[in-house]
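Data file: start.tsv. Format and content: TSV, N, CA and C atoms.
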chain	number	residue	atom	x	y	z
Y	174	MET	N	6.10	-2.62	-7.50
Y	174	MET	CA	5.45	-2.96	-8.74
Y	174	MET	C	4.50	-4.14	-8.51
Y	175	ILE	N	3.34	-4.05	-9.08
Y	175	ILE	CA	2.33	-5.10	-8.95
Y	175	ILE	C	2.71	-6.26	-9.87
Y	176	ARG	N	2.78	-7.45	-9.31
Y	176	ARG	CA	3.17	-8.63	-10.09
Y	176	ARG	C	2.03	-9.10	-10.99
Y	177	ILE	N	2.40	-9.77	-12.07
Y	177	ILE	CA	1.42	-10.30	-13.03
Y	177	ILE	C	0.46	-11.26	-12.32
Y	178	LEU	N	0.99	-12.14	-11.51
Y	178	LEU	CA	0.14	-13.11	-10.82
Y	178	LEU	C	-0.85	-12.43	-9.88
Y	179	ASP	N	-0.44	-11.33	-9.23
Y	179	ASP	CA	-1.36	-10.57	-8.38
Y	179	ASP	C	-2.52	-10.02	-9.20
Y	180	ALA	N	-2.21	-9.53	-10.40
Y	180	ALA	CA	-3.26	-9.01	-11.29
Y	180	ALA	C	-4.20	-10.13	-11.73
Y	181	ILE	N	-3.64	-11.27	-12.08
Y	181	ILE	CA	-4.47	-12.40	-12.49
Y	181	ILE	C	-5.42	-12.82	-11.37
Y	182	ILE	N	-4.90	-12.92	-10.16
Y	182	ILE	CA	-5.73	-13.31	-9.02
Y	182	ILE	C	-6.78	-12.24	-8.71
Y	183	ALA	N	-6.45	-10.99	-8.94
Y	183	ALA	CA	-7.43	-9.91	-8.73
Y	183	ALA	C	-8.57	-10.01	-9.75
Y	184	ILE	N	-8.26	-10.47	-10.93
Y	184	ILE	CA	-9.28	-10.65	-11.97
Y	184	ILE	C	-10.13	-11.89	-11.67
Y	185	ASP	N	-9.46	-12.99	-11.31
Y	185	ASP	CA	-10.16	-14.24	-11.01
Y	185	ASP	C	-9.45	-14.93	-9.86
Y	186	SER	N	-10.04	-14.88	-8.69
Y	186	SER	CA	-9.40	-15.43	-7.49
Y	186	SER	C	-9.20	-16.95	-7.55
Y	187	ASN	N	-9.87	-17.61	-8.48
Y	187	ASN	CA	-9.72	-19.05	-8.62
Y	187	ASN	C	-8.73	-19.44	-9.73
Y	188	ALA	N	-8.16	-18.46	-10.40
Y	188	ALA	CA	-7.23	-18.75	-11.49
Y	188	ALA	C	-6.00	-19.47	-10.98
Y	189	GLU	N	-5.52	-20.39	-11.79
Y	189	GLU	CA	-4.32	-21.15	-11.46
Y	189	GLU	C	-3.33	-20.94	-12.59
Y	190	ALA	N	-2.25	-20.19	-12.29
Y	190	ALA	CA	-1.27	-19.87	-13.32
Y	190	ALA	C	0.12	-19.78	-12.70
Y	191	THR	N	1.09	-19.93	-13.56
Y	191	THR	CA	2.49	-19.74	-13.19
Y	191	THR	C	3.06	-18.71	-14.15
Y	192	VAL	N	3.84	-17.78	-13.61
Y	192	VAL	CA	4.46	-16.74	-14.44
Y	192	VAL	C	5.96	-16.82	-14.24
Y	193	ARG	N	6.66	-16.86	-15.33
Y	193	ARG	CA	8.12	-16.90	-15.24
Y	193	ARG	C	8.68	-15.56	-15.71
Y	194	GLY	N	9.56	-14.99	-14.88
Y	194	GLY	CA	10.26	-13.77	-15.25
Y	194	GLY	C	9.39	-12.53	-15.38
Y	195	GLU	N	8.23	-12.54	-14.75
Y	195	GLU	CA	7.31	-11.40	-14.84
Y	195	GLU	C	7.10	-10.99	-16.30
Y	196	ASP	N	6.90	-12.00	-17.15
Y	196	ASP	CA	6.73	-11.80	-18.58
Y	196	ASP	C	5.36	-12.35	-18.97
Y	197	THR	N	4.51	-11.49	-19.52
Y	197	THR	CA	3.17	-11.92	-19.90
Y	197	THR	C	3.19	-12.97	-21.01
Y	198	ASN	N	4.30	-13.09	-21.69
Y	198	ASN	CA	4.43	-14.13	-22.72
Y	198	ASN	C	4.83	-15.48	-22.12
Y	199	ARG	N	5.11	-15.48	-20.82
Y	199	ARG	CA	5.54	-16.72	-20.15
Y	199	ARG	C	4.58	-17.11	-19.03
Y	200	ILE	N	3.30	-16.99	-19.33
Y	200	ILE	CA	2.26	-17.41	-18.38
Y	200	ILE	C	1.83	-18.83	-18.76
Y	201	THR	N	1.85	-19.71	-17.80
Y	201	THR	CA	1.34	-21.06	-17.99
Y	201	THR	C	0.05	-21.17	-17.19
Y	202	TRP	N	-1.03	-21.42	-17.88
Y	202	TRP	CA	-2.34	-21.54	-17.24
Y	202	TRP	C	-2.53	-22.98	-16.78
Y	203	GLU	N	-2.39	-23.20	-15.49
Y	203	GLU	CA	-2.53	-24.54	-14.91
Y	203	GLU	C	-3.96	-25.05	-15.03
Y	204	ASP	N	-4.91	-24.13	-15.08
Y	204	ASP	CA	-6.32	-24.50	-15.16
Y	204	ASP	C	-6.88	-24.33	-16.58
Y	205	GLY	N	-6.01	-24.03	-17.54
Y	205	GLY	CA	-6.46	-23.86	-18.92
Y	205	GLY	C	-7.08	-22.50	-19.22
Y	206	ASN	N	-7.04	-21.57	-18.24
Y	206	ASN	CA	-7.60	-20.23	-18.40
Y	206	ASN	C	-9.06	-20.28	-18.85
Y	207	PRO	N	-9.94	-20.88	-18.03
Y	207	PRO	CA	-11.34	-21.05	-18.43
Y	207	PRO	C	-12.10	-19.75	-18.66
Y	208	ASN	N	-11.65	-18.66	-18.05
Y	208	ASN	CA	-12.34	-17.38	-18.23
Y	208	ASN	C	-11.74	-16.55	-19.35
Y	209	GLY	N	-10.72	-17.07	-20.01
Y	209	GLY	CA	-10.13	-16.37	-21.16
Y	209	GLY	C	-9.49	-15.04	-20.81
Y	210	ILE	N	-8.80	-14.97	-19.68
Y	210	ILE	CA	-8.14	-13.74	-19.28
Y	210	ILE	C	-7.07	-13.39	-20.31
Y	211	THR	N	-7.12	-12.15	-20.79
Y	211	THR	CA	-6.18	-11.71	-21.82
Y	211	THR	C	-5.01	-10.92	-21.22
Y	212	VAL	N	-3.95	-10.80	-21.99
Y	212	VAL	CA	-2.79	-10.00	-21.56
Y	212	VAL	C	-3.22	-8.56	-21.33
Y	213	GLU	N	-4.11	-8.06	-22.18
Y	213	GLU	CA	-4.60	-6.68	-22.04
Y	213	GLU	C	-5.34	-6.49	-20.71
Y	214	GLN	N	-6.14	-7.46	-20.33
Y	214	GLN	CA	-6.86	-7.40	-19.06
Y	214	GLN	C	-5.87	-7.43	-17.89
Y	215	ILE	N	-4.85	-8.27	-18.01
Y	215	ILE	CA	-3.84	-8.36	-16.95
Y	215	ILE	C	-3.11	-7.04	-16.81
Y	216	GLN	N	-2.68	-6.45	-17.92
Y	216	GLN	CA	-1.95	-5.18	-17.87
Y	216	GLN	C	-2.83	-4.05	-17.34
Y	217	ALA	N	-4.10	-4.04	-17.73
Y	217	ALA	CA	-5.02	-3.02	-17.23
Y	217	ALA	C	-5.21	-3.17	-15.72
Y	218	LYS	N	-5.33	-4.42	-15.25
Y	218	LYS	CA	-5.51	-4.66	-13.81
Y	218	LYS	C	-4.24	-4.28	-13.06
Y	219	GLN	N	-3.07	-4.57	-13.62
Y	219	GLN	CA	-1.81	-4.16	-12.99
Y	219	GLN	C	-1.78	-2.64	-12.82
Y	220	SER	N	-2.15	-1.92	-13.86
Y	220	SER	CA	-2.16	-0.45	-13.79
Y	220	SER	C	-3.14	0.05	-12.73
Y	221	GLU	N	-4.30	-0.56	-12.69
Y	221	GLU	CA	-5.32	-0.18	-11.70
Y	221	GLU	C	-4.83	-0.44	-10.28
Y	222	LEU	N	-4.26	-1.62	-10.05
Y	222	LEU	CA	-3.77	-1.95	-8.72
Y	222	LEU	C	-2.59	-1.07	-8.32
Y	223	GLN	N	-1.71	-0.75	-9.28
Y	223	GLN	CA	-0.57	0.11	-8.99
Y	223	GLN	C	-1.03	1.51	-8.63
Y	224	ALA	N	-2.02	2.03	-9.35
Y	224	ALA	CA	-2.55	3.36	-9.06
Y	224	ALA	C	-3.15	3.40	-7.66
Y	225	SER	N	-3.87	2.34	-7.31
Y	225	SER	CA	-4.45	2.27	-5.97
Y	225	SER	C	-3.37	2.21	-4.90
Y	226	TYR	N	-2.34	1.42	-5.14
Y	226	TYR	CA	-1.22	1.31	-4.19
Y	226	TYR	C	-0.51	2.65	-4.04
Y	227	ASP	N	-0.26	3.31	-5.16
Y	227	ASP	CA	0.47	4.59	-5.14
Y	227	ASP	C	-0.29	5.70	-4.42
Y	228	SER	N	-1.62	5.59	-4.38
Y	228	SER	CA	-2.41	6.64	-3.75
Y	228	SER	C	-2.96	6.24	-2.39
Y	229	ASP	N	-2.46	5.17	-1.82
Y	229	ASP	CA	-2.93	4.68	-0.52
Y	229	ASP	C	-2.41	5.61	0.59
Y	230	TYR	N	-3.24	6.59	0.97
Y	230	TYR	CA	-2.82	7.61	1.93
Y	230	TYR	C	-2.39	7.01	3.27
Y	231	SER	N	-3.06	5.98	3.73
Y	231	SER	CA	-2.73	5.45	5.05
Y	231	SER	C	-1.34	4.80	5.06
Y	232	ARG	N	-1.00	4.09	3.99
Y	232	ARG	CA	0.33	3.49	3.90
Y	232	ARG	C	1.40	4.56	3.79
Y	233	LEU	N	1.13	5.60	2.99
Y	233	LEU	CA	2.10	6.68	2.82
Y	233	LEU	C	2.29	7.45	4.13
Y	234	ARG	N	1.19	7.72	4.81
Y	234	ARG	CA	1.28	8.43	6.09
Y	234	ARG	C	2.08	7.63	7.11
Y	235	LYS	N	1.78	6.35	7.20
Y	235	LYS	CA	2.43	5.50	8.20
Y	235	LYS	C	3.94	5.51	8.06
Y	236	SER	N	4.41	5.56	6.83
Y	236	SER	CA	5.86	5.53	6.61
Y	236	SER	C	6.55	6.80	7.09
Y	237	GLU	N	5.79	7.89	7.25
Y	237	GLU	CA	6.39	9.16	7.67
Y	237	GLU	C	6.04	9.59	9.09
Y	238	TYR	N	5.04	8.95	9.68
Y	238	TYR	CA	4.68	9.32	11.04
Y	238	TYR	C	5.84	9.06	12.00
Y	239	PRO	N	5.92	9.85	13.07
Y	239	PRO	CA	6.96	9.60	14.08
Y	239	PRO	C	6.77	8.22	14.71
Y	240	PRO	N	7.85	7.61	15.17
Y	240	PRO	CA	7.74	6.29	15.79
Y	240	PRO	C	6.94	6.33	17.09
Y	241	ILE	N	6.39	5.19	17.47
Y	241	ILE	CA	5.56	5.07	18.67
Y	241	ILE	C	6.31	5.54	19.91
Y	242	ASN	N	7.60	5.25	20.02
Y	242	ASN	CA	8.32	5.65	21.23
Y	242	ASN	C	8.34	7.17	21.38
Y	243	GLU	N	8.38	7.92	20.27
Y	243	GLU	CA	8.30	9.38	20.37
Y	243	GLU	C	6.93	9.82	20.89
Y	244	LEU	N	5.90	9.14	20.45
Y	244	LEU	CA	4.54	9.44	20.92
Y	244	LEU	C	4.43	9.18	22.42
Y	245	ILE	N	4.96	8.07	22.87
Y	245	ILE	CA	4.90	7.72	24.29
Y	245	ILE	C	5.63	8.77	25.14
Y	246	VAL	N	6.82	9.14	24.70
Y	246	VAL	CA	7.59	10.15	25.44
Y	246	VAL	C	6.83	11.47	25.48
Y	247	ALA	N	6.28	11.88	24.33
Y	247	ALA	CA	5.55	13.15	24.28
Y	247	ALA	C	4.33	13.12	25.20
Y	248	LEU	N	3.60	12.02	25.18
Y	248	LEU	CA	2.43	11.91	26.06
Y	248	LEU	C	2.84	11.91	27.53
Y	249	TRP	N	3.90	11.19	27.85
Y	249	TRP	CA	4.40	11.17	29.23
Y	249	TRP	C	4.76	12.58	29.69
Y	250	GLU	N	5.53	13.26	28.86
Y	250	GLU	CA	5.94	14.62	29.24
Y	250	GLU	C	4.73	15.53	29.42
Y	251	ASN	N	3.72	15.36	28.57
Y	251	ASN	CA	2.54	16.22	28.67
Y	251	ASN	C	1.69	15.88	29.90
Y	252	VAL	N	1.44	14.62	30.14
Y	252	VAL	CA	0.54	14.21	31.22
Y	252	VAL	C	1.23	14.24	32.58
Y	253	VAL	N	2.39	13.63	32.67
Y	253	VAL	CA	3.05	13.47	33.96
Y	253	VAL	C	3.88	14.70	34.33
Y	254	GLU	N	4.65	15.16	33.38
Y	254	GLU	CA	5.56	16.28	33.68
Y	254	GLU	C	4.97	17.65	33.35
Y	255	GLU	N	3.76	17.64	32.81
Y	255	GLU	CA	3.04	18.88	32.46
Y	255	GLU	C	3.85	19.79	31.54
Y	256	ARG	N	4.55	19.15	30.57
Y	256	ARG	CA	5.26	19.89	29.53
Y	256	ARG	C	4.65	19.50	28.19
Y	257	ALA	N	4.03	20.45	27.53
Y	257	ALA	CA	3.29	20.16	26.31
Y	257	ALA	C	4.10	20.34	25.02
Y	258	ALA	N	5.32	20.81	25.11
Y	258	ALA	CA	6.10	21.13	23.91
Y	258	ALA	C	6.24	19.94	22.97
Y	259	SER	N	6.53	18.76	23.51
Y	259	SER	CA	6.70	17.57	22.67
Y	259	SER	C	5.41	17.18	21.98
Y	260	VAL	N	4.31	17.26	22.68
Y	260	VAL	CA	3.01	16.92	22.11
Y	260	VAL	C	2.66	17.90	21.00
Y	261	ILE	N	2.90	19.16	21.25
Y	261	ILE	CA	2.59	20.19	20.24
Y	261	ILE	C	3.44	19.97	19.00
Y	262	SER	N	4.71	19.69	19.17
Y	262	SER	CA	5.60	19.43	18.04
Y	262	SER	C	5.18	18.18	17.27
Y	263	LEU	N	4.88	17.13	18.00
Y	263	LEU	CA	4.46	15.89	17.37
Y	263	LEU	C	3.17	16.07	16.59
Y	264	GLU	N	2.24	16.79	17.14
Y	264	GLU	CA	0.96	17.03	16.45
Y	264	GLU	C	1.16	17.88	15.21
Y	265	ALA	N	2.05	18.83	15.25
Y	265	ALA	CA	2.35	19.63	14.06
Y	265	ALA	C	2.91	18.74	12.95
Y	266	THR	N	3.77	17.82	13.32
Y	266	THR	CA	4.33	16.87	12.35
Y	266	THR	C	3.22	16.01	11.76
Y	267	ARG	N	2.35	15.49	12.60
Y	267	ARG	CA	1.24	14.66	12.13
Y	267	ARG	C	0.33	15.41	11.17
Y	268	GLN	N	0.01	16.65	11.51
Y	268	GLN	CA	-0.87	17.43	10.65
Y	268	GLN	C	-0.23	17.73	9.29
Y	269	ALA	N	1.08	17.98	9.29
Y	269	ALA	CA	1.77	18.22	8.03
Y	269	ALA	C	1.74	16.97	7.16
Y	270	ILE	N	1.90	15.82	7.75
Y	270	ILE	CA	1.86	14.56	6.99
Y	270	ILE	C	0.45	14.31	6.46
Y	271	LYS	N	-0.55	14.58	7.28
Y	271	LYS	CA	-1.94	14.41	6.84
Y	271	LYS	C	-2.27	15.36	5.69
Y	272	ALA	N	-1.73	16.57	5.72
Y	272	ALA	CA	-1.96	17.51	4.63
Y	272	ALA	C	-1.24	17.04	3.35
Y	273	LYS	N	-0.07	16.44	3.52
Y	273	LYS	CA	0.72	15.95	2.37
Y	273	LYS	C	0.03	14.78	1.70
Y	274	TYR	N	-0.62	13.92	2.49
Y	274	TYR	CA	-1.31	12.73	1.97
Y	274	TYR	C	-2.77	12.74	2.42
Y	275	PRO	N	-3.61	13.56	1.80
Y	275	PRO	CA	-5.02	13.64	2.22
Y	275	PRO	C	-5.81	12.38	1.87
Y	276	LYS	N	-6.92	12.22	2.56
Y	276	LYS	CA	-7.81	11.07	2.27
Y	276	LYS	C	-8.45	11.24	0.92
If you convert what's in this file into structure tokens, what do you get?
Amino acid sequence: MIRILDAIIAIDSNAEATVRGEDTNRITWEDGNPNGITVEQIQAKQSELQASYDSDYSRLRKSEYPPINELIVALWENVVEERAASVISLEATRQAIKAKYPK
């Protein structure tokens, strides 16, 4: 979940605020809120940032890709031992993940 303070900083990177309990009613503007950021703007920015985070294909792909050690073993087997089965399997997995989370 995108925090209120993250949304505030995304709206105004110079904003100085403290938020208690992730409650928009408990925002203390250390700088007096010179740009007049509203609760509605904060909530809209939170929704926007959350949507972007939820659709971040590279982050989603990374969490499902096989670990690096599997890649190393597959490459070793293919190059040194001339056995391509591991590389073929690994590539099939990668392609399925890319199809699941397209750019």
Between Y:Gln223, Y:Asn187, Y:Val253, Y:Gly205, which residue has the minimum interatomic distance to Y:Met174, considering all atoms listed in the file?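 That would be Y:Gln223, the residue with the smallest distance to Y:Met174.
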Run DSSP on the backbone and grab whatever in stretch 187-261 of chain Y lands in alpha helix (DSSP H); send it over as a PyMOL selection string. chain Y and resi 212-227+230-237+241-252+258-261
Between atom CA of Y:Arg232 and atom CA of Y:Arg176 lies a distance of 18.7 Å
Between Y:Leu233, Y:Ser259, Y:Ile210, Y:Ala188, which one has atoms that come closest to Y:Val246, using only N, CA and C atoms?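 Comparing Y:Leu233, Y:Ser259, Y:Ile210, Y:Ala188 against Y:Val246, the winner is Y:Ser259.
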Close residues, Y:Tyr230 itself excluded, 7 Å, all atoms listed in the file, min 6 positions apart in chain, as a PyMOL selection string: chain Y and resi 274-276
Length of the atom CA of Y:Tyr238 to atom CA of Y:Val252 vector [Å]: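 Distance reported for this atom pair: 21.2 Å.
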